[in-house]
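What follows is one structure encoded as structure tokens, with my remarks underneath.
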Amino acid sequence: MRRPWFPALLAAVLALCGLTALDPAPASAQSPRSAVYGGGPFYADGQAVMNTLRASGFTTVILWSIHVHPDGDLYYNDVLIVRNGRYVGDPGWPARLKTLKQAPTSVNRIEVSIGAWAVPDWENIAKLIGSQGTGSSSVLYRNFQALKTATGADAINNDDESYYQVDATAKFARMAAGLGYSKFTFAPYTNQSFWGNLKNNLGALVDRVYLQGYAGGAGNNPATWNRALGMTVDPGLWSRHGSGCSAGDSPATVESKMRSWHGSAGIVGGFMWLYDDMKTCSAQGTAAAYARAIRNGVS
């Protein structure tokens, strides 16, 4: 039996407590999160790729990859973009990136990723910290400040696949937080103990873990990583790629795997690797199709 007087009474009581009845949940609770890594096209494809991302359904765009050279210069893949505390890349890129969050858009977060397989980025960072520290006069501080201004990035994504040293990495993460990169995220595929120790060191600064579920991380179990890191990870898959676009996952298999992980590990988000391949293999799945697959799988 309905009680028409009860909602009004509840609202009055909550109002006295400074609360509001039936407030909508925040956007983060309403929409599953989904991230996409991308390389060259995010820099070289002009406004068209930004518009594609805004309409895709992906909530996070991860710029992959920033490479740190021994002298502290920052390259976006093979393109020099920051030197001596100044952005020296394509003059139009910062303005294009800024449009990613302009309504109407699904994107609410931008991350810059550091590292990759077989590159010494984190080793170079450690050496620079050892010689210069992380103060405002250090090249790392000045260059990542310039990168923050240029990209508007909300977070640093750690794609360390070789260095695995907690102390220097934690010092860098705290420096980045002081520059306005409000979060520090992980992209692990192995070495669970390192990532667990780093998470313990950084605490709430780490709010997302993009667990690789492809290539070297193909056997990863999100539930196991959840327990090791004390938080729910966002697993990722590789879109169609390779000769004839025959390798990797289609949107249908992404949705199926995400749904399975949602059931077994309680995942609330996921990511896709790699936009560059989605562009090449668009007939096998667009960015929007992959974002929808993650959304459906974790809902």
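Each chain in the structure tokens gets a letter, A, B, ..., in the order shown, and its residues are numbered from 1; ligands are numbered from 1 in order too.
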Which residues of range 170-246 of chain A come within 10 Å of range 30-35 of chain A, and what is each one's closest atom pair and distance in Å (one decimal), counting only C-alpha atoms, sorted by chain and residue number, as a tab-separated table?
```
residue	atom	partner	partner_atom	distance
A:Tyr210	CA	A:Ala35	CA	8.8
A:Asp234	CA	A:Ser34	CA	8.5
A:Pro235	CA	A:Ser34	CA	10.0
A:Gly236	CA	A:Ala35	CA	8.7
```
All residues 7 Å or closer to range 64-74 of chain A, only C-alpha atoms, same chain fewer than 4 positions away omitted, as a list in words: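 Here the answer would be Tyr37, Gly38, Gly39, Leu80, Ile81, Val82, Arg83, Val112, Ser113, Ile114, Gly115, Asp121, Asn124, Ile125, Val139 and Leu140 of chain A.
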Exercise: Ser56 in chain A partners within 7 Å, only C-alpha atoms, chain neighbours under 2 positions left out, as a PyMOL selection string: chain A and resi 52-54+58+106+287-288+291
Nearby residues (only C-alpha atoms) at most 8 Å from Trp117 in chain A, same-chain spacing under 5 positions excluded, as a ChimeraX atom specification: /A:160-162
Go ahead and write the residues just picked, C-alpha atoms, as an mmCIF file, in the first residue's frame.
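Everything below was put into out.cif:
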```cif
data_model
loop_
_atom_site.group_PDB
_atom_site.id
_atom_site.type_symbol
_atom_site.label_atom_id
_atom_site.label_comp_id
_atom_site.auth_asym_id
_atom_site.auth_seq_id
_atom_site.Cartn_x
_atom_site.Cartn_y
_atom_site.Cartn_z
ATOM 1 C CA ASP A 160 56.393 0.917 -16.449
ATOM 2 C CA GLU A 161 57.342 -2.434 -17.972
ATOM 3 C CA SER A 162 60.983 -2.712 -16.898
#
```
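Once Arg259 in chain A and its same-chain neighbours fewer than 2 positions away are set aside, Pro235, Ala252, Thr253, Val254, Glu255, Ser256, Lys257, Trp261, His262, Gly263, Ser264, Ala265, Gly266, Ile267, Val268, Gly269, Gly270, Ala293, Ile294, Arg295, Asn296, Gly297, Val298 and Ser299 of chain A remain within 12 Å of it when counting only C-alpha atoms.
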Among listed residues A:Trp238, A:Phe271, A:Tyr290, A:Tyr181, nearest Pro251 in chain A (using only C-alpha atoms):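 Using only C-alpha atoms, the shortest distance to Pro251 in chain A belongs to A:Tyr290.
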